[in-house]
>>> print(open('structure17.csv').read())   # CSV, C-alpha atoms
chain,number,residue,atom,x,y,z
A,1,MET,CA,81.7,97.3,111.1
A,2,ASN,CA,81.6,98.4,107.5
A,3,GLY,CA,85.1,97.7,106.0
A,4,SER,CA,84.9,100.8,103.8
A,5,ASN,CA,84.2,103.0,106.8
A,6,PRO,CA,86.8,102.1,109.5
A,7,LYS,CA,86.8,103.3,113.0
A,8,SER,CA,89.2,106.2,113.6
A,9,ASP,CA,90.6,106.2,117.1
A,10,PHE,CA,93.6,107.0,119.3
A,11,VAL,CA,95.7,105.2,121.9
A,12,HIS,CA,98.1,106.7,124.4
A,13,ALA,CA,101.4,104.9,124.0
A,14,ASN,CA,105.0,105.7,124.9
A,15,GLY,CA,104.0,109.1,126.3
A,16,ILE,CA,102.1,110.3,123.1
A,17,ARG,CA,98.8,109.9,121.4
A,18,LEU,CA,98.9,107.6,118.3
A,19,HIS,CA,96.1,107.5,115.7
A,20,TYR,CA,94.9,104.3,114.1
A,21,LEU,CA,92.2,102.9,111.8
A,22,ASP,CA,90.3,99.7,112.6
A,23,TRP,CA,88.4,98.0,109.7
A,24,GLY,CA,87.2,95.2,112.0
A,25,GLY,CA,87.1,91.6,110.7
A,26,ASP,CA,87.5,88.3,112.4
A,27,GLY,CA,90.6,86.2,112.9
A,28,GLN,CA,94.3,86.9,113.3
A,29,THR,CA,95.3,90.6,113.6
A,30,LEU,CA,96.9,92.2,110.6
A,31,ILE,CA,98.5,95.6,111.2
A,32,PHE,CA,99.6,97.9,108.3
A,33,LEU,CA,102.5,100.3,108.9
A,34,THR,CA,103.0,103.3,106.7
A,35,GLY,CA,105.8,104.8,104.7
A,36,MET,CA,107.4,108.1,105.5
A,37,GLY,CA,104.9,111.0,105.1
A,38,SER,CA,101.8,108.7,105.0
A,39,SER,CA,99.1,108.1,107.5
A,40,ALA,CA,96.9,105.1,108.1
A,41,TYR,CA,94.4,106.5,105.5
A,42,ILE,CA,96.8,105.5,102.7
A,43,PHE,CA,95.6,101.9,103.2
A,44,GLY,CA,91.9,102.9,102.8
A,45,GLY,CA,91.4,101.0,99.6
A,46,PHE,CA,93.7,98.0,100.3
A,47,ALA,CA,93.2,97.1,104.0
A,48,PRO,CA,89.5,96.3,103.8
A,49,LEU,CA,90.2,93.5,101.3
A,50,PHE,CA,91.5,91.4,104.2
A,51,THR,CA,88.6,91.7,106.7
A,52,ASP,CA,87.1,88.4,105.5
A,53,ARG,CA,89.9,86.5,107.2
A,54,PHE,CA,91.7,89.0,109.5
A,55,ARG,CA,91.1,91.8,112.0
A,56,VAL,CA,92.7,94.7,110.1
A,57,LEU,CA,94.3,97.8,111.6
A,58,ALA,CA,96.6,100.5,110.4
A,59,LEU,CA,98.8,102.7,112.6
A,60,THR,CA,99.8,106.3,112.0
A,61,ARG,CA,103.4,106.8,113.1
A,62,ARG,CA,104.4,109.6,115.4
A,63,GLY,CA,104.9,112.9,113.5
A,64,HIS,CA,102.5,111.8,110.8
A,65,GLY,CA,98.8,112.5,110.1
A,66,ASP,CA,96.7,112.8,113.1
A,67,SER,CA,99.2,111.3,115.6
A,68,ASP,CA,101.1,113.5,118.0
A,69,THR,CA,104.3,115.2,116.7
A,70,PRO,CA,106.8,115.2,119.6
A,71,GLU,CA,110.2,116.8,119.0
A,72,THR,CA,112.1,113.5,119.5
A,73,GLY,CA,111.7,109.8,119.1
A,74,TYR,CA,112.3,109.3,115.4
A,75,ASP,CA,114.6,106.4,115.7
A,76,ALA,CA,114.2,102.6,115.3
A,77,ASP,CA,114.1,101.8,119.0
A,78,THR,CA,111.5,104.4,119.9
A,79,LEU,CA,109.3,103.7,116.9
A,80,THR,CA,109.4,100.0,117.7
A,81,GLU,CA,108.4,100.7,121.3
A,82,ASP,CA,105.5,102.8,119.9
A,83,ILE,CA,104.2,99.7,118.0
A,84,ARG,CA,104.6,97.4,121.0
A,85,GLN,CA,102.7,99.7,123.3
A,86,PHE,CA,100.0,100.2,120.6
A,87,MET,CA,99.5,96.5,120.5
A,88,ASP,CA,99.5,96.3,124.3
A,89,SER,CA,96.8,99.0,124.4
A,90,LEU,CA,94.5,97.0,122.2
A,91,ASN,CA,95.4,93.7,123.9
A,92,ILE,CA,97.0,92.3,120.8
A,93,ASP,CA,99.5,89.6,121.8
A,94,LYS,CA,100.7,88.7,118.3
A,95,ALA,CA,100.1,90.0,114.8
A,96,VAL,CA,101.0,90.0,111.2
A,97,LEU,CA,102.9,93.2,110.3
A,98,ALA,CA,102.7,94.6,106.8
A,99,GLY,CA,104.8,97.7,106.1
A,100,HIS,CA,105.3,100.1,103.2
A,101,SER,CA,108.5,101.8,102.2
A,102,LEU,CA,110.3,103.2,105.3
A,103,ALA,CA,108.3,100.9,107.5
A,104,GLY,CA,110.7,98.1,106.4
A,105,VAL,CA,113.0,99.4,109.1
A,106,GLU,CA,110.2,99.0,111.7
A,107,LEU,CA,109.3,95.5,110.5
A,108,THR,CA,112.9,94.2,110.8
A,109,HIS,CA,113.6,96.1,114.1
A,110,PHE,CA,110.4,95.0,115.7
A,111,ALA,CA,110.9,91.3,114.6
A,112,ALA,CA,114.4,91.4,116.0
A,113,THR,CA,113.3,93.0,119.3
A,114,TYR,CA,110.0,91.3,119.9
A,115,PRO,CA,110.0,88.1,117.7
A,116,GLU,CA,107.4,86.5,120.0
A,117,ARG,CA,104.9,89.2,119.0
A,118,VAL,CA,105.2,88.6,115.2
A,119,GLU,CA,103.3,86.1,113.3
A,120,LYS,CA,104.5,87.0,109.8
A,121,LEU,CA,106.0,90.0,108.0
A,122,VAL,CA,105.1,91.6,104.7
A,123,TYR,CA,107.4,94.1,103.1
A,124,LEU,CA,105.5,96.3,100.6
A,125,ASP,CA,108.4,97.8,98.5
A,126,ALA,CA,110.0,98.3,101.9
A,127,LEU,CA,113.7,98.1,102.1
A,128,ASP,CA,115.2,98.0,105.6
A,129,ASP,CA,118.8,98.8,104.7
A,130,ARG,CA,119.1,101.9,102.5
A,131,ARG,CA,122.6,103.2,103.6
A,132,LYS,CA,124.0,102.8,100.1
A,133,GLU,CA,121.1,104.6,98.5
A,134,ARG,CA,122.4,108.1,99.2
A,135,VAL,CA,125.7,107.3,97.4
A,136,ILE,CA,123.8,106.0,94.4
A,137,MET,CA,121.4,109.0,94.2
A,138,GLU,CA,124.3,111.4,94.4
A,139,GLN,CA,125.3,110.1,91.0
A,140,HIS,CA,121.9,110.8,89.5
A,141,PRO,CA,122.3,113.0,86.4
A,142,LEU,CA,119.1,114.9,87.1
A,143,ARG,CA,119.6,115.5,90.8
A,144,ASN,CA,120.3,119.2,90.3
A,145,VAL,CA,117.9,119.8,87.4
A,146,GLN,CA,115.2,122.3,88.3
A,147,ILE,CA,112.0,122.2,86.3
A,148,LYS,CA,110.7,125.6,85.5
A,149,ARG,CA,106.9,125.8,86.2
A,150,GLU,CA,104.5,128.6,86.1
A,151,GLU,CA,104.2,130.0,89.6
A,152,SER,CA,100.9,129.1,91.2
A,153,ALA,CA,99.3,130.9,94.0
A,154,PRO,CA,99.8,129.4,97.5
A,155,PRO,CA,97.0,126.8,98.1
A,156,ARG,CA,94.2,128.2,100.2
A,157,THR,CA,91.9,125.2,99.7
A,158,LEU,CA,92.5,121.5,99.9
A,159,GLU,CA,91.6,121.2,96.3
A,160,GLU,CA,94.3,123.6,95.3
A,161,TYR,CA,96.9,121.8,97.4
A,162,ILE,CA,95.9,118.5,95.8
A,163,ALA,CA,96.2,120.0,92.3
A,164,ILE,CA,99.8,121.1,93.1
A,165,VAL,CA,100.7,117.6,94.3
A,166,LYS,CA,99.3,116.0,91.2
A,167,ARG,CA,101.2,118.5,89.0
A,168,ASP,CA,104.5,118.0,90.9
A,169,VAL,CA,104.4,114.2,91.5
A,170,PRO,CA,103.2,112.5,88.3
A,171,GLU,CA,103.8,109.1,89.9
A,172,PHE,CA,101.0,109.9,92.4
A,173,ALA,CA,98.8,111.5,89.8
A,174,ARG,CA,98.8,108.3,87.7
A,175,ILE,CA,97.3,106.3,90.6
A,176,TRP,CA,95.1,109.0,92.1
A,177,SER,CA,91.8,108.0,93.8
A,178,GLU,CA,89.6,109.1,96.6
A,179,VAL,CA,92.0,107.3,98.9
A,180,TRP,CA,94.6,109.9,98.1
A,181,ASP,CA,92.1,112.7,98.7
A,182,GLU,CA,91.5,111.4,102.1
A,183,GLU,CA,95.2,110.7,102.8
A,184,ILE,CA,96.2,114.2,101.8
A,185,SER,CA,93.5,115.8,104.0
A,186,HIS,CA,95.1,114.3,107.1
A,187,GLY,CA,98.6,115.3,106.2
A,188,VAL,CA,98.2,119.1,105.8
A,189,LYS,CA,97.3,122.0,108.1
A,190,ILE,CA,96.4,125.7,107.5
A,191,ASN,CA,99.1,128.1,108.7
A,192,GLU,CA,98.6,131.6,110.1
A,193,GLU,CA,98.4,133.0,106.6
A,194,GLY,CA,95.5,130.7,105.7
A,195,ILE,CA,97.7,128.6,103.4
A,196,PHE,CA,97.7,124.8,103.3
A,197,VAL,CA,101.1,123.4,104.2
A,198,ASP,CA,102.5,120.0,105.2
A,199,LYS,CA,101.6,119.0,108.7
A,200,MET,CA,105.0,117.2,109.3
A,201,PRO,CA,107.8,119.6,110.3
A,202,ALA,CA,110.9,119.6,108.1
A,203,SER,CA,112.9,118.8,111.3
A,204,VAL,CA,111.0,115.5,111.8
A,205,GLU,CA,111.6,114.5,108.2
A,206,LYS,CA,115.3,115.3,108.6
A,207,MET,CA,115.6,113.2,111.7
A,208,MET,CA,113.9,110.2,110.1
A,209,ILE,CA,116.1,110.4,107.0
A,210,GLU,CA,119.3,110.5,109.1
A,211,ASN,CA,118.2,107.8,111.7
A,212,LEU,CA,116.3,105.4,109.4
A,213,ILE,CA,117.8,105.8,106.0
A,214,ASN,CA,121.3,107.2,106.1
A,215,GLU,CA,122.5,105.5,109.3
A,216,TYR,CA,120.3,102.5,110.1
A,217,ALA,CA,121.9,99.1,110.0
A,218,PRO,CA,119.3,96.3,110.2
A,219,LYS,CA,119.1,94.6,113.6
A,220,LYS,CA,119.6,90.8,113.2
A,221,VAL,CA,116.4,88.8,113.4
A,222,GLU,CA,117.4,85.6,115.3
A,223,VAL,CA,114.1,83.8,114.9
A,224,LYS,CA,112.9,82.4,111.6
A,225,ILE,CA,109.7,84.3,110.8
A,226,PRO,CA,107.7,83.8,107.6
A,227,ILE,CA,108.4,86.8,105.3
A,228,LEU,CA,106.9,88.0,102.0
A,229,GLY,CA,108.5,90.9,100.2
A,230,PHE,CA,107.3,92.9,97.2
A,231,TYR,CA,109.8,94.9,95.2
A,232,GLY,CA,108.9,96.9,92.1
A,233,LYS,CA,111.3,97.4,89.2
A,234,ARG,CA,110.6,101.0,88.5
A,235,ARG,CA,111.6,103.3,85.6
A,236,ARG,CA,110.8,107.0,86.0
A,237,LYS,CA,108.6,108.3,83.2
A,238,LEU,CA,110.1,111.6,82.3
A,239,THR,CA,107.8,114.3,81.0
A,240,ASN,CA,108.6,116.7,78.2
A,241,ASP,CA,109.9,119.2,80.8
A,242,TYR,CA,113.2,117.5,80.3
A,243,THR,CA,115.5,117.8,77.2
A,244,ASP,CA,116.4,114.9,74.9
A,245,GLU,CA,119.9,115.0,76.4
A,246,GLN,CA,118.6,114.8,79.9
A,247,LYS,CA,116.3,111.9,79.0
A,248,ALA,CA,119.2,110.1,77.4
A,249,ALA,CA,121.4,110.6,80.4
A,250,TYR,CA,118.7,109.3,82.7
A,251,GLU,CA,118.2,106.2,80.5
A,252,LYS,CA,121.9,105.4,80.7
A,253,PHE,CA,122.0,106.0,84.4
A,254,HIS,CA,119.0,103.7,84.9
A,255,HIS,CA,120.5,100.9,82.8
A,256,ASP,CA,124.1,101.2,84.2
A,257,VAL,CA,123.4,102.0,87.9
A,258,ILE,CA,119.8,101.8,89.0
A,259,GLU,CA,119.0,98.3,87.6
A,260,PRO,CA,122.2,96.7,89.1
A,261,PHE,CA,121.6,98.4,92.4
A,262,PHE,CA,118.0,97.1,92.5
A,263,ARG,CA,119.3,93.6,91.9
A,264,TYR,CA,121.9,94.1,94.6
A,265,MET,CA,119.3,95.4,97.2
A,266,VAL,CA,116.9,92.5,96.6
A,267,ALA,CA,119.8,89.9,96.8
A,268,GLU,CA,121.1,91.5,100.0
A,269,PHE,CA,117.6,91.2,101.6
A,270,GLN,CA,117.3,87.6,100.4
A,271,GLY,CA,120.7,86.8,101.7
A,272,ARG,CA,119.7,87.9,105.3
A,273,PHE,CA,116.3,86.1,105.0
A,274,PRO,CA,116.9,83.1,102.7
A,275,HIS,CA,113.5,81.7,103.6
A,276,ALA,CA,111.6,84.8,102.5
A,277,LYS,CA,109.4,84.7,99.4
A,278,ILE,CA,110.3,87.6,97.1
A,279,VAL,CA,107.9,88.9,94.4
A,280,VAL,CA,109.6,91.2,91.9
A,281,ILE,CA,107.0,93.3,90.0
A,282,PRO,CA,108.0,94.3,86.5
A,283,ASP,CA,107.1,97.9,85.7
A,284,GLY,CA,106.2,98.2,89.4
A,285,HIS,CA,105.2,101.2,91.4
A,286,HIS,CA,106.5,102.3,94.9
A,287,TYR,CA,102.8,102.2,96.0
A,288,CYS,CA,102.4,98.7,94.7
A,289,PHE,CA,99.5,97.9,97.0
A,290,MET,CA,97.6,100.6,95.1
A,291,ALA,CA,99.0,100.4,91.5
A,292,GLN,CA,99.2,96.6,91.5
A,293,GLU,CA,96.5,96.0,94.0
A,294,GLU,CA,95.1,92.7,92.6
A,295,LEU,CA,98.6,91.1,92.3
A,296,VAL,CA,99.7,92.2,95.8
A,297,HIS,CA,96.4,91.2,97.4
A,298,ASP,CA,96.4,87.7,95.8
A,299,GLU,CA,100.0,87.0,96.8
A,300,MET,CA,99.5,88.3,100.3
A,301,GLN,CA,96.3,86.4,100.8
A,302,LYS,CA,98.0,83.1,99.7
A,303,PHE,CA,101.0,83.8,102.0
A,304,LEU,CA,98.9,84.8,105.0
A,305,LEU,CA,96.7,81.7,104.7
A,306,GLU,CA,99.6,79.2,104.4
>>> encode(input="structure17.csv", output="structure tokens")
Amino acid sequence: MNGSNPKSDFVHANGIRLHYLDWGGDGQTLIFLTGMGSSAYIFGGFAPLFTDRFRVLALTRRGHGDSDTPETGYDADTLTEDIRQFMDSLNIDKAVLAGHSLAGVELTHFAATYPERVEKLVYLDALDDRRKERVIMEQHPLRNVQIKREESAPPRTLEEYIAIVKRDVPEFARIWSEVWDEEISHGVKINEEGIFVDKMPASVEKMMIENLINEYAPKKVEVKIPILGFYGKRRRKLTNDYTDEQKAAYEKFHHDVIEPFFRYMVAEFQGRFPHAKIVVIPDGHHYCFMAQEELVHDEMQKFLLE
């Protein structure tokens, strides 16, 4: 199998159809889990780097991408069961799980529930306890600032939709590639008016935020499982859409609140998993496996082969 052209397929698990990508490869199974809003295609550039030593897969969570979108099931117990049944469907007894962002919840919950099914865990800027985050972000000086932009016509082509994403999310635009083009194409649909819109319903996003961010307390992992965690120290790069006063307020907030909070979150994770290896990336990016691909790959490869 050509690693750059994975097999796209589905399994029936937990009463729904889940999409996954299979890059092939020999050896132990490595399964990538996505952040909220992403599909398996987000790993299109990174996952193939491991096929020389591993069989590499990526799973698209329910409500995302090409997987089914049931009205319920967006809680840690159900999502963990989805992963277990996905593994059972492919006759995978034990695997390395590598998760991005919100998948940190799934990594911890799965390891606590089915420790015998986990070889190692890799957290890709993936915090599993974000209950304090909402309180912190409510203090953000720019939380209610609305950037005035020229109104653009509703996107009637994928290219127009992508252009709007690049305009509105500079952090994505800076690391854009063909992987993003492919990823976006699986996260949108055309509505009755012929306009490209997000495929994920707002109701699903709301349930996930409530269940997995605002309210989720990490389940205790009783077994010592090897863990590698990447956490990026990030500073938002404000555009000239913001005033000097707004920029100054943000810089003060970042120094006084965000940086101490980042240190607290990493220390809290290390406290629960004292054996974990933590890699803090200066000037990091939330999509560290794309923006700092070489560093993340090298550290992962060393950890996985230990």
>>> residues_around(input="structure17.csv", residues="region 266-274 of chain A", least_positions_apart="6", cutoff="10 Å", atoms="all atoms listed in the file", output="ChimeraX atom specification")
/A:127-129,218,220-221,224-227,229-231,280
>>> write_last_selection(input="structure17.csv", atoms="C-alpha atoms", output="PDB file, keeping the file's coordinate frame")
ATOM      1  CA  LEU A 127     113.700  98.100 102.100  1.00  0.00           C
ATOM      2  CA  ASP A 128     115.200  98.000 105.600  1.00  0.00           C
ATOM      3  CA  ASP A 129     118.800  98.800 104.700  1.00  0.00           C
ATOM      4  CA  PRO A 218     119.300  96.300 110.200  1.00  0.00           C
ATOM      5  CA  LYS A 220     119.600  90.800 113.200  1.00  0.00           C
ATOM      6  CA  VAL A 221     116.400  88.800 113.400  1.00  0.00           C
ATOM      7  CA  LYS A 224     112.900  82.400 111.600  1.00  0.00           C
ATOM      8  CA  ILE A 225     109.700  84.300 110.800  1.00  0.00           C
ATOM      9  CA  PRO A 226     107.700  83.800 107.600  1.00  0.00           C
ATOM     10  CA  ILE A 227     108.400  86.800 105.300  1.00  0.00           C
ATOM     11  CA  GLY A 229     108.500  90.900 100.200  1.00  0.00           C
ATOM     12  CA  PHE A 230     107.300  92.900  97.200  1.00  0.00           C
ATOM     13  CA  TYR A 231     109.800  94.900  95.200  1.00  0.00           C
ATOM     14  CA  VAL A 280     109.600  91.200  91.900  1.00  0.00           C
TER      15      VAL A 280
END
>>> residues_around(input="structure17.csv", residues="region 61-68 of chain A", least_positions_apart="5", cutoff="7 Å", atoms="only C-alpha atoms", output="number ranges by chain")
A: 16-19, 37-39, 186-187, 200, 204
>>> write_last_selection(input="structure17.csv", atoms="C-alpha atoms", output="CSV table (one decimal), in the frame of the given file")
chain,number,residue,atom,x,y,z
A,16,ILE,CA,102.1,110.3,123.1
A,17,ARG,CA,98.8,109.9,121.4
A,18,LEU,CA,98.9,107.6,118.3
A,19,HIS,CA,96.1,107.5,115.7
A,37,GLY,CA,104.9,111.0,105.1
A,38,SER,CA,101.8,108.7,105.0
A,39,SER,CA,99.1,108.1,107.5
A,186,HIS,CA,95.1,114.3,107.1
A,187,GLY,CA,98.6,115.3,106.2
A,200,MET,CA,105.0,117.2,109.3
A,204,VAL,CA,111.0,115.5,111.8
>>> residues_around(input="structure17.csv", residues="Gln292 (chain A)", least_positions_apart="3", cutoff="12 Å", atoms="all atoms listed in the file", output="compact mmCIF listing (two decimals) with C-alpha atoms, in the coordinates of the input")
# COMPACT_ATOMS: atom_id res chain seq x y z
CA PHE A 46 93.70 98.00 100.30
CA LEU A 124 105.50 96.30 100.60
CA ASP A 125 108.40 97.80 98.50
CA ILE A 175 97.30 106.30 90.60
CA PHE A 230 107.30 92.90 97.20
CA TYR A 231 109.80 94.90 95.20
CA GLY A 232 108.90 96.90 92.10
CA VAL A 279 107.90 88.90 94.40
CA VAL A 280 109.60 91.20 91.90
CA ILE A 281 107.00 93.30 90.00
CA PRO A 282 108.00 94.30 86.50
CA ASP A 283 107.10 97.90 85.70
CA GLY A 284 106.20 98.20 89.40
CA HIS A 285 105.20 101.20 91.40
CA HIS A 286 106.50 102.30 94.90
CA TYR A 287 102.80 102.20 96.00
CA CYS A 288 102.40 98.70 94.70
CA PHE A 289 99.50 97.90 97.00
CA LEU A 295 98.60 91.10 92.30
CA VAL A 296 99.70 92.20 95.80
CA HIS A 297 96.40 91.20 97.40
CA ASP A 298 96.40 87.70 95.80
CA GLU A 299 100.00 87.00 96.80
>>> atom_distance(input="structure17.csv", atom1="CA of Val105 (chain A)", atom2="CA of Lys277 (chain A)")
18.0 Å
>>> atom_distance(input="structure17.csv", atom1="CA of Arg156 (chain A)", atom2="CA of Glu193 (chain A)")
9.0 Å
>>> closest_residue(input="structure17.csv", among="A:Gly45, A:Gly15, A:Gly35, A:Pro141", to="Gly99 (chain A)", atoms="only C-alpha atoms")
A:Gly35
>>> residues_around(input="structure17.csv", residues="Phe86 (chain A)", least_positions_apart="4", cutoff="10 Å", atoms="all atoms listed in the file", output="PyMOL selection string")
chain A and resi 10-14+17-20+59+80-82+90-92
>>> closest_residue(input="structure17.csv", among="A:Ala126, A:Met207, A:Trp180, A:Val257", to="Pro70 (chain A)", atoms="all atoms listed in the file")
A:Met207
>>> build_atoms(input="structure17.csv", residues="region 9-40 of chain A", atoms="N, CA and C atoms", output="PDB file, in the coordinates of the input")
ATOM      1  N   ASP A   9      90.479 106.104 115.657  1.00  0.00           N
ATOM      2  CA  ASP A   9      90.600 106.200 117.100  1.00  0.00           C
ATOM      3  C   ASP A   9      92.063 106.510 117.478  1.00  0.00           C
ATOM      4  N   PHE A  10      92.309 106.654 118.783  1.00  0.00           N
ATOM      5  CA  PHE A  10      93.600 107.000 119.300  1.00  0.00           C
ATOM      6  C   PHE A  10      93.958 106.066 120.482  1.00  0.00           C
ATOM      7  N   VAL A  11      95.251 105.814 120.666  1.00  0.00           N
ATOM      8  CA  VAL A  11      95.700 105.200 121.900  1.00  0.00           C
ATOM      9  C   VAL A  11      96.816 106.068 122.474  1.00  0.00           C
ATOM     10  N   HIS A  12      96.968 105.992 123.780  1.00  0.00           N
ATOM     11  CA  HIS A  12      98.100 106.700 124.400  1.00  0.00           C
ATOM     12  C   HIS A  12      99.180 105.622 124.620  1.00  0.00           C
ATOM     13  N   ALA A  13     100.294 105.846 123.944  1.00  0.00           N
ATOM     14  CA  ALA A  13     101.400 104.900 124.000  1.00  0.00           C
ATOM     15  C   ALA A  13     102.721 105.604 123.975  1.00  0.00           C
ATOM     16  N   ASN A  14     103.608 105.139 124.826  1.00  0.00           N
ATOM     17  CA  ASN A  14     105.000 105.700 124.900  1.00  0.00           C
ATOM     18  C   ASN A  14     104.987 107.189 125.120  1.00  0.00           C
ATOM     19  N   GLY A  15     104.006 107.659 125.885  1.00  0.00           N
ATOM     20  CA  GLY A  15     104.000 109.100 126.300  1.00  0.00           C
ATOM     21  C   GLY A  15     103.312 109.996 125.257  1.00  0.00           C
ATOM     22  N   ILE A  16     102.777 109.459 124.165  1.00  0.00           N
ATOM     23  CA  ILE A  16     102.100 110.300 123.100  1.00  0.00           C
ATOM     24  C   ILE A  16     100.810 109.656 122.716  1.00  0.00           C
ATOM     25  N   ARG A  17     100.078 110.393 121.884  1.00  0.00           N
ATOM     26  CA  ARG A  17      98.800 109.900 121.400  1.00  0.00           C
ATOM     27  C   ARG A  17      99.039 109.463 119.902  1.00  0.00           C
ATOM     28  N   LEU A  18      98.725 108.194 119.602  1.00  0.00           N
ATOM     29  CA  LEU A  18      98.900 107.600 118.300  1.00  0.00           C
ATOM     30  C   LEU A  18      97.523 107.366 117.641  1.00  0.00           C
ATOM     31  N   HIS A  19      97.387 107.743 116.388  1.00  0.00           N
ATOM     32  CA  HIS A  19      96.100 107.500 115.700  1.00  0.00           C
ATOM     33  C   HIS A  19      96.184 106.173 114.941  1.00  0.00           C
ATOM     34  N   TYR A  20      95.015 105.543 114.848  1.00  0.00           N
ATOM     35  CA  TYR A  20      94.900 104.300 114.100  1.00  0.00           C
ATOM     36  C   TYR A  20      93.540 104.162 113.469  1.00  0.00           C
ATOM     37  N   LEU A  21      93.447 103.303 112.467  1.00  0.00           N
ATOM     38  CA  LEU A  21      92.200 102.900 111.800  1.00  0.00           C
ATOM     39  C   LEU A  21      91.920 101.462 112.086  1.00  0.00           C
ATOM     40  N   ASP A  22      90.667 101.129 112.308  1.00  0.00           N
ATOM     41  CA  ASP A  22      90.300  99.700 112.600  1.00  0.00           C
ATOM     42  C   ASP A  22      89.124  99.390 111.631  1.00  0.00           C
ATOM     43  N   TRP A  23      89.411  98.463 110.699  1.00  0.00           N
ATOM     44  CA  TRP A  23      88.400  98.000 109.700  1.00  0.00           C
ATOM     45  C   TRP A  23      87.602  96.837 110.230  1.00  0.00           C
ATOM     46  N   GLY A  24      87.933  96.363 111.427  1.00  0.00           N
ATOM     47  CA  GLY A  24      87.200  95.200 112.000  1.00  0.00           C
ATOM     48  C   GLY A  24      87.670  93.928 111.286  1.00  0.00           C
ATOM     49  N   GLY A  25      86.775  92.956 111.254  1.00  0.00           N
ATOM     50  CA  GLY A  25      87.100  91.600 110.700  1.00  0.00           C
ATOM     51  C   GLY A  25      87.397  90.653 111.802  1.00  0.00           C
ATOM     52  N   ASP A  26      87.309  89.379 111.458  1.00  0.00           N
ATOM     53  CA  ASP A  26      87.500  88.300 112.400  1.00  0.00           C
ATOM     54  C   ASP A  26      88.803  87.551 112.084  1.00  0.00           C
ATOM     55  N   GLY A  27      89.421  87.005 113.102  1.00  0.00           N
ATOM     56  CA  GLY A  27      90.600  86.200 112.900  1.00  0.00           C
ATOM     57  C   GLY A  27      91.863  86.875 113.410  1.00  0.00           C
ATOM     58  N   GLN A  28      92.982  86.421 112.903  1.00  0.00           N
ATOM     59  CA  GLN A  28      94.300  86.900 113.300  1.00  0.00           C
ATOM     60  C   GLN A  28      94.384  88.431 113.008  1.00  0.00           C
ATOM     61  N   THR A  29      95.170  89.145 113.816  1.00  0.00           N
ATOM     62  CA  THR A  29      95.300  90.600 113.600  1.00  0.00           C
ATOM     63  C   THR A  29      96.372  90.883 112.554  1.00  0.00           C
ATOM     64  N   LEU A  30      96.027  91.767 111.635  1.00  0.00           N
ATOM     65  CA  LEU A  30      96.900  92.200 110.600  1.00  0.00           C
ATOM     66  C   LEU A  30      97.053  93.746 110.751  1.00  0.00           C
ATOM     67  N   ILE A  31      98.288  94.208 110.991  1.00  0.00           N
ATOM     68  CA  ILE A  31      98.500  95.600 111.200  1.00  0.00           C
ATOM     69  C   ILE A  31      99.372  96.195 110.069  1.00  0.00           C
ATOM     70  N   PHE A  32      98.863  97.229 109.415  1.00  0.00           N
ATOM     71  CA  PHE A  32      99.600  97.900 108.300  1.00  0.00           C
ATOM     72  C   PHE A  32     100.359  99.094 108.934  1.00  0.00           C
ATOM     73  N   LEU A  33     101.608  99.239 108.506  1.00  0.00           N
ATOM     74  CA  LEU A  33     102.500 100.300 108.900  1.00  0.00           C
ATOM     75  C   LEU A  33     102.828 101.153 107.675  1.00  0.00           C
ATOM     76  N   THR A  34     102.876 102.462 107.820  1.00  0.00           N
ATOM     77  CA  THR A  34     103.000 103.300 106.700  1.00  0.00           C
ATOM     78  C   THR A  34     104.410 103.716 106.304  1.00  0.00           C
ATOM     79  N   GLY A  35     104.565 104.220 105.083  1.00  0.00           N
ATOM     80  CA  GLY A  35     105.800 104.800 104.700  1.00  0.00           C
ATOM     81  C   GLY A  35     105.962 106.213 105.220  1.00  0.00           C
ATOM     82  N   MET A  36     107.137 106.803 105.023  1.00  0.00           N
ATOM     83  CA  MET A  36     107.400 108.100 105.500  1.00  0.00           C
ATOM     84  C   MET A  36     106.446 109.146 104.831  1.00  0.00           C
ATOM     85  N   GLY A  37     105.780 109.974 105.622  1.00  0.00           N
ATOM     86  CA  GLY A  37     104.900 111.000 105.100  1.00  0.00           C
ATOM     87  C   GLY A  37     103.443 110.544 104.965  1.00  0.00           C
ATOM     88  N   SER A  38     103.177 109.250 105.131  1.00  0.00           N
ATOM     89  CA  SER A  38     101.800 108.700 105.000  1.00  0.00           C
ATOM     90  C   SER A  38     101.161 108.475 106.325  1.00  0.00           C
ATOM     91  N   SER A  39      99.841 108.441 106.306  1.00  0.00           N
ATOM     92  CA  SER A  39      99.100 108.100 107.500  1.00  0.00           C
ATOM     93  C   SER A  39      98.324 106.790 107.245  1.00  0.00           C
ATOM     94  N   ALA A  40      97.618 106.324 108.251  1.00  0.00           N
ATOM     95  CA  ALA A  40      96.900 105.100 108.100  1.00  0.00           C
ATOM     96  C   ALA A  40      95.856 105.140 106.974  1.00  0.00           C
TER      97      ALA A  40
END
